[in-house]
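As provided, input_15.csv (CSV, C-alpha atoms) reads as follows.
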chain,number,residue,atom,x,y,z
A,188,MET,CA,-74.5,-76.1,29.5
A,189,GLY,CA,-74.9,-73.6,32.3
A,190,GLU,CA,-76.0,-74.5,35.8
A,191,VAL,CA,-76.6,-78.1,36.7
A,192,ASP,CA,-80.1,-79.2,35.8
A,193,PRO,CA,-81.5,-81.9,38.1
A,194,ALA,CA,-81.5,-84.3,35.1
A,195,PHE,CA,-77.7,-84.5,35.4
A,196,ILE,CA,-77.5,-85.2,39.1
A,197,GLN,CA,-76.5,-88.7,40.0
A,198,GLU,CA,-78.1,-90.7,42.9
A,199,LEU,CA,-76.1,-90.3,46.1
A,200,GLU,CA,-74.4,-93.7,45.9
A,201,HIS,CA,-73.2,-93.1,42.3
A,202,ARG,CA,-71.8,-89.6,42.7
A,203,PRO,CA,-68.1,-89.3,42.0
A,204,LYS,CA,-65.5,-88.7,44.8
A,205,LEU,CA,-63.3,-85.8,44.0
A,206,SER,CA,-60.4,-87.5,45.7
A,207,ILE,CA,-58.9,-89.6,42.9
A,208,ILE,CA,-57.2,-93.0,43.1
A,209,GLU,CA,-54.8,-93.4,40.2
A,210,ALA,CA,-54.9,-96.8,38.4
A,211,GLU,CA,-51.9,-98.8,39.2
A,212,GLY,CA,-51.8,-102.1,37.5
A,213,ILE,CA,-53.8,-101.6,34.3
A,214,PRO,CA,-51.4,-103.3,31.9
A,215,PHE,CA,-49.4,-101.5,29.3
A,216,ILE,CA,-48.9,-103.8,26.3
A,217,ASP,CA,-46.3,-103.1,23.6
A,218,LEU,CA,-47.6,-104.1,20.2
A,219,SER,CA,-44.5,-103.2,18.2
A,220,MET,CA,-43.9,-106.9,17.3
A,221,LEU,CA,-47.1,-106.9,15.2
A,222,ASN,CA,-45.6,-104.3,12.9
A,223,SER,CA,-42.4,-106.3,12.5
A,224,PRO,CA,-42.5,-109.4,10.2
A,225,ASP,CA,-39.4,-110.8,11.8
A,226,ALA,CA,-40.8,-110.7,15.3
A,227,VAL,CA,-44.1,-112.4,14.4
A,228,SER,CA,-42.0,-115.4,13.0
A,229,ASP,CA,-40.7,-116.0,16.5
A,230,PRO,CA,-43.3,-118.2,18.3
A,231,SER,CA,-42.0,-117.4,21.8
A,232,THR,CA,-42.4,-113.6,21.2
A,233,LEU,CA,-46.0,-114.1,20.0
A,234,ASP,CA,-46.8,-116.5,22.9
A,235,SER,CA,-45.6,-113.8,25.4
A,236,LEU,CA,-47.8,-111.1,23.8
A,237,VAL,CA,-50.8,-113.5,23.7
A,238,SER,CA,-50.2,-114.3,27.4
A,239,GLU,CA,-50.1,-110.5,28.3
A,240,ILE,CA,-53.4,-109.9,26.4
A,241,GLY,CA,-55.0,-112.9,28.1
A,242,ASN,CA,-53.9,-111.8,31.6
A,243,ALA,CA,-55.1,-108.2,31.0
A,244,CYS,CA,-58.5,-109.4,29.8
A,245,LYS,CA,-59.0,-111.8,32.7
A,246,ASN,CA,-57.7,-109.6,35.5
A,247,TRP,CA,-58.8,-106.1,34.4
A,248,GLY,CA,-60.9,-106.2,31.3
A,249,PHE,CA,-58.9,-103.1,30.4
A,250,PHE,CA,-55.4,-102.5,29.1
A,251,GLN,CA,-53.4,-99.8,27.3
A,252,VAL,CA,-51.5,-100.4,24.0
A,253,ILE,CA,-48.4,-98.5,22.8
A,254,ASN,CA,-46.6,-98.9,19.5
A,255,HIS,CA,-49.9,-100.0,18.0
A,256,GLY,CA,-49.2,-99.0,14.4
A,257,VAL,CA,-51.9,-96.3,14.0
A,258,PRO,CA,-50.2,-93.2,12.5
A,259,LEU,CA,-50.2,-90.4,15.0
A,260,GLU,CA,-51.1,-87.9,12.3
A,261,GLN,CA,-54.4,-89.7,11.5
A,262,ARG,CA,-55.4,-89.4,15.2
A,263,ARG,CA,-54.3,-85.7,15.4
A,264,LYS,CA,-56.2,-84.9,12.3
A,265,LEU,CA,-59.5,-86.2,13.7
A,266,GLU,CA,-58.9,-84.7,17.1
A,267,LYS,CA,-58.4,-81.3,15.5
A,268,ALA,CA,-61.5,-81.6,13.4
A,269,SER,CA,-63.5,-82.7,16.4
A,270,ARG,CA,-62.5,-79.6,18.4
A,271,LYS,CA,-63.5,-77.4,15.5
A,272,PHE,CA,-66.9,-79.0,15.2
A,273,PHE,CA,-67.8,-78.7,18.9
A,274,ALA,CA,-66.5,-75.1,19.1
A,275,GLN,CA,-69.3,-74.0,16.8
A,276,PRO,CA,-72.5,-72.4,18.0
A,277,TRP,CA,-75.2,-74.8,19.1
A,278,GLU,CA,-77.4,-73.6,16.2
A,279,GLU,CA,-74.8,-74.9,13.7
A,280,LYS,CA,-74.3,-78.3,15.5
A,281,VAL,CA,-78.0,-79.2,15.6
A,282,LYS,CA,-78.2,-79.0,11.8
A,283,VAL,CA,-76.8,-82.5,11.9
A,284,ARG,CA,-78.6,-83.5,15.1
A,285,ARG,CA,-79.7,-87.2,15.3
A,286,ASP,CA,-83.2,-88.4,16.2
A,287,GLU,CA,-85.2,-91.6,16.1
A,288,VAL,CA,-85.1,-91.6,12.3
A,289,LYS,CA,-81.6,-90.3,11.7
A,290,VAL,CA,-79.9,-92.1,14.5
A,291,LEU,CA,-76.3,-90.9,13.6
A,292,GLY,CA,-75.0,-87.4,14.1
A,293,TYR,CA,-74.8,-84.8,16.8
A,294,TYR,CA,-76.6,-85.2,20.2
A,295,ASP,CA,-76.4,-83.5,23.6
A,296,THR,CA,-79.1,-85.1,25.7
A,297,GLU,CA,-78.0,-88.7,26.0
A,298,HIS,CA,-78.8,-90.7,29.2
A,299,THR,CA,-76.9,-93.5,30.9
A,300,LYS,CA,-78.8,-95.5,33.6
A,301,ASN,CA,-81.6,-92.9,33.1
A,302,VAL,CA,-79.5,-90.0,34.2
A,303,ARG,CA,-78.4,-87.3,31.7
A,304,ASP,CA,-74.7,-87.3,30.7
A,305,TRP,CA,-72.7,-84.1,30.9
A,306,LYS,CA,-71.5,-84.3,27.3
A,307,GLU,CA,-72.2,-83.7,23.7
A,308,VAL,CA,-71.4,-86.3,21.0
A,309,PHE,CA,-71.2,-87.0,17.3
A,310,ASP,CA,-71.6,-90.5,16.0
A,311,PHE,CA,-70.5,-92.0,12.7
A,312,THR,CA,-70.7,-95.6,11.6
A,313,VAL,CA,-67.7,-97.2,9.9
A,314,GLN,CA,-69.8,-98.8,7.1
A,315,ASN,CA,-72.0,-96.2,5.3
A,316,PRO,CA,-74.7,-97.2,5.1
A,317,THR,CA,-74.8,-99.6,8.0
A,318,ILE,CA,-77.5,-102.3,7.8
A,319,VAL,CA,-79.6,-103.0,10.9
A,320,PRO,CA,-82.9,-104.7,11.7
A,321,ALA,CA,-85.9,-102.5,10.8
A,322,SER,CA,-87.6,-103.2,14.2
A,323,THR,CA,-87.0,-104.9,17.5
A,324,HIS,CA,-89.7,-107.5,16.9
A,325,PRO,CA,-88.1,-111.0,16.8
A,326,ASP,CA,-90.1,-112.2,13.8
A,327,ASP,CA,-89.5,-109.1,11.7
A,328,LYS,CA,-86.8,-110.0,9.1
A,329,GLU,CA,-86.8,-106.6,7.4
A,330,VAL,CA,-83.7,-104.4,7.5
A,331,ALA,CA,-83.0,-100.7,7.5
A,332,GLU,CA,-80.1,-98.5,6.6
A,333,TRP,CA,-78.3,-96.1,8.9
A,334,HIS,CA,-76.6,-93.2,7.0
A,335,ASN,CA,-73.9,-90.9,8.3
A,336,GLN,CA,-74.6,-87.2,8.5
A,337,TRP,CA,-71.7,-84.9,7.6
A,338,PRO,CA,-71.5,-81.3,8.8
A,339,ASP,CA,-70.6,-78.5,6.4
A,340,TYR,CA,-67.9,-77.5,8.9
A,341,PRO,CA,-65.2,-78.5,9.3
A,342,HIS,CA,-65.0,-79.7,5.7
A,343,GLU,CA,-62.0,-82.0,6.6
A,344,LEU,CA,-64.0,-84.0,9.2
A,345,ARG,CA,-65.3,-86.7,6.8
A,346,GLU,CA,-61.8,-87.4,5.3
A,347,ALA,CA,-60.3,-87.5,8.8
A,348,PHE,CA,-62.9,-89.9,10.1
A,349,GLU,CA,-62.6,-92.3,7.1
A,350,GLU,CA,-58.8,-92.4,7.4
A,351,TYR,CA,-58.9,-93.0,11.1
A,352,ALA,CA,-61.6,-95.6,10.9
A,353,GLU,CA,-59.6,-97.6,8.4
A,354,GLU,CA,-56.6,-97.7,10.8
A,355,LEU,CA,-58.7,-98.5,13.9
A,356,GLU,CA,-60.4,-101.4,12.0
A,357,LYS,CA,-57.0,-102.9,11.3
A,358,LEU,CA,-56.0,-102.6,14.9
A,359,SER,CA,-59.3,-104.1,16.1
A,360,ASN,CA,-58.8,-107.1,13.9
A,361,LYS,CA,-55.2,-107.6,15.3
A,362,LEU,CA,-56.5,-107.3,18.8
A,363,MET,CA,-59.3,-109.8,18.2
A,364,GLU,CA,-56.7,-112.3,16.8
A,365,LEU,CA,-54.7,-112.0,20.0
A,366,ILE,CA,-57.8,-112.4,22.2
A,367,ALA,CA,-58.8,-115.5,20.2
A,368,LEU,CA,-55.3,-117.0,20.6
A,369,SER,CA,-55.4,-116.2,24.3
A,370,LEU,CA,-58.6,-118.2,24.6
A,371,GLY,CA,-57.0,-121.2,22.8
A,372,LEU,CA,-58.9,-120.5,19.6
A,373,PRO,CA,-57.6,-120.0,16.0
A,374,ALA,CA,-56.5,-116.5,15.4
A,375,ASP,CA,-59.3,-115.9,12.8
A,376,ARG,CA,-62.0,-117.4,15.0
A,377,PHE,CA,-64.0,-114.1,15.2
A,378,HIS,CA,-63.2,-112.6,11.8
A,379,GLY,CA,-66.4,-113.7,10.1
A,380,PHE,CA,-68.6,-111.9,12.5
A,381,PHE,CA,-67.3,-108.5,11.4
A,382,LYS,CA,-67.9,-108.8,7.6
A,383,ASP,CA,-70.9,-106.5,7.7
A,384,GLN,CA,-69.9,-104.7,10.9
A,385,THR,CA,-72.0,-102.3,12.8
A,386,SER,CA,-69.0,-100.5,14.3
A,387,PHE,CA,-69.0,-96.8,15.0
A,388,ILE,CA,-66.8,-94.0,16.1
A,389,ARG,CA,-68.0,-91.3,18.6
A,390,LEU,CA,-66.6,-87.9,19.1
A,391,ASN,CA,-67.0,-86.8,22.7
A,392,HIS,CA,-66.9,-83.3,24.2
A,393,TYR,CA,-67.2,-82.7,27.9
A,394,SER,CA,-67.5,-79.1,28.8
A,395,PRO,CA,-66.4,-77.8,32.2
A,396,CYS,CA,-69.0,-78.7,34.8
A,397,PRO,CA,-69.8,-76.4,37.8
A,398,ALA,CA,-70.7,-79.4,40.0
A,399,PRO,CA,-68.3,-82.3,39.2
A,400,ASP,CA,-69.2,-83.9,42.5
A,401,LEU,CA,-72.9,-84.3,41.4
A,402,ALA,CA,-72.7,-85.1,37.6
A,403,LEU,CA,-70.8,-87.5,35.4
A,404,GLY,CA,-69.7,-87.1,31.8
A,405,VAL,CA,-70.9,-90.7,31.2
A,406,GLY,CA,-72.6,-92.7,34.0
A,407,ARG,CA,-71.5,-96.2,35.0
A,408,HIS,CA,-71.9,-98.7,32.2
A,409,LYS,CA,-70.5,-101.6,30.3
A,410,ASP,CA,-69.9,-101.6,26.6
A,411,ALA,CA,-72.4,-103.8,24.7
A,412,GLY,CA,-70.2,-104.5,21.7
A,413,ALA,CA,-67.1,-106.7,21.2
A,414,LEU,CA,-64.2,-104.3,21.8
A,415,THR,CA,-63.7,-100.6,22.5
A,416,ILE,CA,-60.5,-98.6,21.5
A,417,LEU,CA,-60.4,-95.2,23.2
A,418,ALA,CA,-58.2,-92.2,22.4
A,419,GLN,CA,-58.4,-89.6,25.2
A,420,ASP,CA,-56.7,-86.3,25.6
A,421,ASP,CA,-54.4,-85.2,28.4
A,422,VAL,CA,-57.2,-84.1,30.7
A,423,GLY,CA,-58.4,-87.6,31.5
A,424,GLY,CA,-61.5,-88.6,33.4
A,425,LEU,CA,-62.0,-92.2,32.6
A,426,GLN,CA,-62.6,-94.4,35.7
A,427,VAL,CA,-62.7,-98.2,35.8
A,428,LYS,CA,-64.3,-100.2,38.5
A,429,ARG,CA,-61.5,-102.4,39.8
A,430,LYS,CA,-62.6,-106.1,39.8
A,431,SER,CA,-60.6,-106.9,43.0
A,432,ASP,CA,-62.5,-104.5,45.3
A,433,GLY,CA,-65.1,-102.5,43.3
A,434,GLU,CA,-63.2,-99.2,43.8
A,435,TRP,CA,-63.4,-96.6,41.1
A,436,ILE,CA,-59.9,-95.8,39.8
A,437,ARG,CA,-58.8,-93.2,37.3
A,438,VAL,CA,-56.9,-94.3,34.1
A,439,LYS,CA,-54.1,-91.8,33.8
A,440,PRO,CA,-53.8,-90.4,30.2
A,441,THR,CA,-50.7,-91.7,28.4
A,442,PRO,CA,-49.6,-89.7,25.3
A,443,ASP,CA,-50.5,-91.5,22.0
A,444,ALA,CA,-51.6,-94.8,23.8
A,445,PHE,CA,-55.0,-96.3,23.2
A,446,ILE,CA,-57.1,-97.7,26.1
A,447,ILE,CA,-58.7,-101.0,25.2
A,448,ASN,CA,-61.6,-102.7,27.0
A,449,VAL,CA,-63.5,-105.9,26.2
A,450,GLY,CA,-67.2,-105.6,25.8
A,451,ASP,CA,-70.2,-107.7,26.6
A,452,ILE,CA,-69.9,-109.7,23.4
A,453,ILE,CA,-66.5,-111.0,24.3
A,454,GLN,CA,-67.8,-111.8,27.8
A,455,VAL,CA,-70.4,-114.0,26.1
A,456,TRP,CA,-68.1,-115.5,23.4
A,457,SER,CA,-65.6,-116.4,26.1
A,458,ASN,CA,-68.3,-117.9,28.3
A,459,GLU,CA,-67.2,-115.5,31.1
A,460,THR,CA,-63.5,-116.4,30.8
A,461,TYR,CA,-63.2,-112.6,30.2
A,462,GLU,CA,-65.5,-110.0,31.7
A,463,SER,CA,-66.8,-106.7,30.5
A,464,VAL,CA,-66.0,-104.2,33.3
A,465,GLU,CA,-68.0,-101.2,34.4
A,466,HIS,CA,-66.5,-97.8,33.7
A,467,ARG,CA,-67.6,-94.1,33.8
A,468,VAL,CA,-66.3,-90.6,33.0
A,469,MET,CA,-65.7,-87.8,35.5
A,470,VAL,CA,-65.9,-84.2,34.6
A,471,ASN,CA,-64.1,-81.2,36.1
A,472,SER,CA,-64.9,-77.6,36.7
A,473,GLU,CA,-61.9,-76.1,34.9
A,474,ARG,CA,-61.0,-77.9,31.7
A,475,GLU,CA,-63.0,-79.3,28.8
A,476,ARG,CA,-62.2,-82.8,27.7
A,477,PHE,CA,-62.3,-84.6,24.4
A,478,SER,CA,-62.2,-88.3,23.6
A,479,ILE,CA,-62.8,-90.6,20.7
A,480,PRO,CA,-63.9,-94.2,21.3
A,481,PHE,CA,-64.1,-96.7,18.5
A,482,PHE,CA,-66.7,-99.4,19.1
A,483,PHE,CA,-65.9,-102.6,17.2
A,484,ASN,CA,-69.3,-104.4,16.7
A,485,PRO,CA,-70.3,-107.4,14.6
A,486,ALA,CA,-72.8,-107.7,11.8
A,487,HIS,CA,-76.5,-107.2,12.7
A,488,TYR,CA,-77.4,-110.8,11.9
A,489,THR,CA,-74.8,-112.2,14.3
A,490,ILE,CA,-76.2,-114.6,16.9
A,491,VAL,CA,-74.1,-113.9,20.0
A,492,MET,CA,-73.5,-117.1,22.1
A,493,PRO,CA,-70.7,-118.8,24.0
A,494,SER,CA,-68.1,-120.3,21.6
A,495,GLU,CA,-68.7,-124.0,21.3
A,496,GLU,CA,-65.0,-124.7,21.9
A,497,LEU,CA,-65.1,-123.0,25.3
A,498,THR,CA,-68.1,-124.9,26.6
A,499,SER,CA,-68.4,-128.5,27.9
A,500,GLU,CA,-70.4,-130.6,30.3
A,501,LYS,CA,-68.4,-129.2,33.2
A,502,ASN,CA,-68.5,-125.7,31.8
A,503,PRO,CA,-71.9,-125.3,30.1
A,504,PRO,CA,-73.0,-122.2,28.2
A,505,ARG,CA,-73.8,-119.4,30.5
A,506,TYR,CA,-75.9,-117.4,28.0
A,507,ARG,CA,-78.8,-118.0,25.8
A,508,PRO,CA,-78.1,-116.9,22.2
A,509,TYR,CA,-79.3,-113.5,21.2
A,510,ASN,CA,-79.5,-111.5,18.0
A,511,TRP,CA,-77.0,-108.6,18.1
A,512,GLY,CA,-78.9,-106.4,15.7
A,513,LYS,CA,-82.1,-106.6,17.7
A,514,PHE,CA,-80.1,-106.0,20.9
A,515,LEU,CA,-78.4,-103.0,19.3
A,516,ILE,CA,-81.5,-101.2,18.1
A,517,THR,CA,-83.3,-101.8,21.4
A,518,ARG,CA,-80.4,-100.1,23.1
A,519,LYS,CA,-80.2,-97.3,20.5
A,520,GLY,CA,-83.9,-96.5,21.0
A,521,SER,CA,-83.3,-95.8,24.7
A,522,ASN,CA,-81.0,-92.9,23.8
A,523,PHE,CA,-83.9,-90.7,22.8
A,524,LYS,CA,-86.1,-91.1,25.9
A,525,LYS,CA,-85.9,-91.8,29.6
A,526,LEU,CA,-87.0,-95.3,30.3
A,527,ASP,CA,-89.3,-96.5,33.1
A,528,VAL,CA,-87.2,-99.7,33.4
A,529,LYS,CA,-83.6,-100.6,33.1
A,530,ASN,CA,-82.3,-100.9,29.5
A,531,ILE,CA,-81.7,-104.3,27.9
A,532,GLN,CA,-78.4,-106.0,29.2
A,533,ILE,CA,-76.7,-109.3,28.5
A,534,GLN,CA,-77.7,-110.4,32.0
A,535,HIS,CA,-81.2,-110.8,30.6
A,536,PHE,CA,-79.8,-113.7,28.6
A,537,ARG,CA,-77.7,-115.3,31.4
A,538,ILE,CA,-79.0,-118.8,31.9
A,539,SER,CA,-78.8,-118.6,35.7
A,540,GLU,CA,-80.8,-115.3,35.6
A,541,LEU,CA,-84.3,-116.5,34.5
A,542,ALA,CA,-85.5,-113.4,32.9
A,543,ASP,CA,-88.7,-114.9,31.7
A,544,HIS,CA,-90.3,-111.6,31.0
A,545,LEU,CA,-87.8,-111.0,28.2
A,546,ASP,CA,-87.9,-114.5,26.6
A,547,GLY,CA,-90.2,-113.4,23.8
A,548,ALA,CA,-88.5,-110.0,23.2
A,549,LEU,CA,-85.0,-110.8,21.9
A,550,SER,CA,-84.1,-114.4,22.5
A,551,VAL,CA,-83.7,-116.4,19.3
A,552,ILE,CA,-83.6,-119.9,20.8

What do you get writing this file as structure tokens?
Amino acid sequence: MGEVDPAFIQELEHRPKLSIIEAEGIPFIDLSMLNSPDAVSDPSTLDSLVSEIGNACKNWGFFQVINHGVPLEQRRKLEKASRKFFAQPWEEKVKVRRDEVKVLGYYDTEHTKNVRDWKEVFDFTVQNPTIVPASTHPDDKEVAEWHNQWPDYPHELREAFEEYAEELEKLSNKLMELIALSLGLPADRFHGFFKDQTSFIRLNHYSPCPAPDLALGVGRHKDAGALTILAQDDVGGLQVKRKSDGEWIRVKPTPDAFIINVGDIIQVWSNETYESVEHRVMVNSERERFSIPFFFNPAHYTIVMPSEELTSEKNPPRYRPYNWGKFLITRKGSNFKKLDVKNIQIQHFRISELADHLDGALSVI
């Protein structure tokens, strides 16, 4: 990417500090019991795991899982294919470049909070094609299809992606069951929302940056979907904004673990029992970094709203319902141009935040 273009430079208050605070306290959760039929039959063991998940979601919004059941060879296969793809000349990668019509594929000019990210990415959806609304207009019921683009090289990328996606979908469903139980809900409470999922996997490549004190791999943000499962390499760079004091802390890479964070949808479904937490990615001047996040997202027709079981007269709903598909394509459109205003956020649907200017845009009440 060469010298640092001004488009990459963060505002002063958002520039990363090169002195790093390591994350102490982000929970490690052992999921081995989920892969053992005997262990699941023991209610006390399951109760303990559910409690760990609940505490992690409430106190951090992030946790790491080990012994998760995803075969290591599937992850390694996709990581290797990812490195091969990004090592190609730019002229080869842009053959599968995404745009406002083909919204999946390669991209290297993504913005977060209207500042360009120091990264290049490749996006694939889990369901191919993925069905989404045709427009952001609330009265438009037409749908469109998103189709994956597959590069000619490496030829094994598609197979590696499909195998990995299948395993991550299984893990996501297990985690959603544990989260539901931790909220006092039936384990399958959220299953129906993911029947026609809009989930996707992203391959990230962060090249060495000559000014890691000015730019970020990904600027501060919260994930809009339900759940994110991140595989990162040994270089690291993920930072989480600690809820207790707002300090940015680095999540130290752990071999073969996955980093999990709850997204905005879980924040709404739980009526803020759990909170989606801001995070960002630092870059460094010496080593390139690779990561693979899996974004577990519901069907486009999902109306996201606080779960009825978690609301009452004393704890009324804190969000107005919104259509996930309309929300998704509004966010997606912002990837291709710098906005004059902040992108759509769940805060626009928070009942205490009277965002009247957006009432007609996406609210479906």

Find the residues around segment 531-541 of chain A up to 7 Å (all atoms listed in the file counted), leave out those fewer than 3 positions away in its own chain, and share them as a PDB file with C-alpha atoms, keeping the file's coordinate frame.
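The result, written out as result07.pdb:
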ATOM      1  CA  ASP A 451     -70.200-107.700  26.600  1.00  0.00           C
ATOM      2  CA  ARG A 505     -73.800-119.400  30.500  1.00  0.00           C
ATOM      3  CA  TYR A 506     -75.900-117.400  28.000  1.00  0.00           C
ATOM      4  CA  ARG A 507     -78.800-118.000  25.800  1.00  0.00           C
ATOM      5  CA  ARG A 518     -80.400-100.100  23.100  1.00  0.00           C
TER       6      ARG A 518
END

Residues at most 10 Å from Val449 of chain A, counting all atoms listed in the file, excluding those fewer than 5 positions away in the same chain, as a ChimeraX atom specification?
-> /A:243-245,247-250,363,366,409-416,454,461-464,483

Which is closest to Arg437 of chain A among A:Lys382, A:Arg345, A:His255, A:Lys204, if we use only C-alpha atoms?
->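 Distance minimum relative to Arg437 of chain A lands on A:Lys204.
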
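Nearest-residue note for Asp339 of chain A: choosing from A:Val283, A:Val455, A:Ile388, A:Val491, the minimum distance belongs to A:Val283, counting all atoms listed in the file.
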
What lies within 12 Å of Asn502 of chain A using only C-alpha atoms, ignoring chain neighbours under 6 positions off, as a VMD selection string?
-> chain A and resid 457 to 460 493 to 496

Taking all atoms listed in the file into account, which of A:Gly450, A:Thr323, A:Leu358, A:Leu497 comes nearest Asn510 of chain A?
->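 Comparing A:Gly450, A:Thr323, A:Leu358, A:Leu497 against Asn510 of chain A, the winner is A:Thr323.
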
Which residues, written as a PyMOL selection string, have at least one atom at most 7 Å from Val252 of chain A, with only C-alpha atoms counted and residues fewer than 4 positions away on the same chain left out?
-> chain A and resi 215-218+444-446

Near Ile516 of chain A, counting all atoms listed in the file, which residues have an atom at most 8 Å away, once you skip same-chain residues fewer than 4 positions from it, shown as a list of chain:residue names?
->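 So, after excluding close chain neighbours, the residues are A:Val319, A:Pro320, A:Ser322, A:Thr323, A:Gly512, A:Gly520.
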
Grab the atom CA of Asp383 of chain A to atom CA of Glu332 of chain A distance for me, in Å with one decimal place.
->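 Computed distance, atom CA of Asp383 of chain A to atom CA of Glu332 of chain A, equals 12.2 Å.
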
Return the single residue from A:Asp326, A:Glu279, A:Glu200, A:Asp443 that is closest to Tyr293 of chain A, with distances computed using only C-alpha atoms.
->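 Closest to Tyr293 of chain A of all the choices is A:Glu279.
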
What is the atom CA of Phe482 of chain A to atom CA of Pro503 of chain A distance in Å?
-> 28.6 Å

Rank A:Thr232, A:Ile213, A:Glu307, A:Lys519 by their smallest atom-to-atom distance to Gln426 of chain A, using only C-alpha atoms, and report the top residue only.
->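 Of all the options, A:Ile213 lies closest to Gln426 of chain A.
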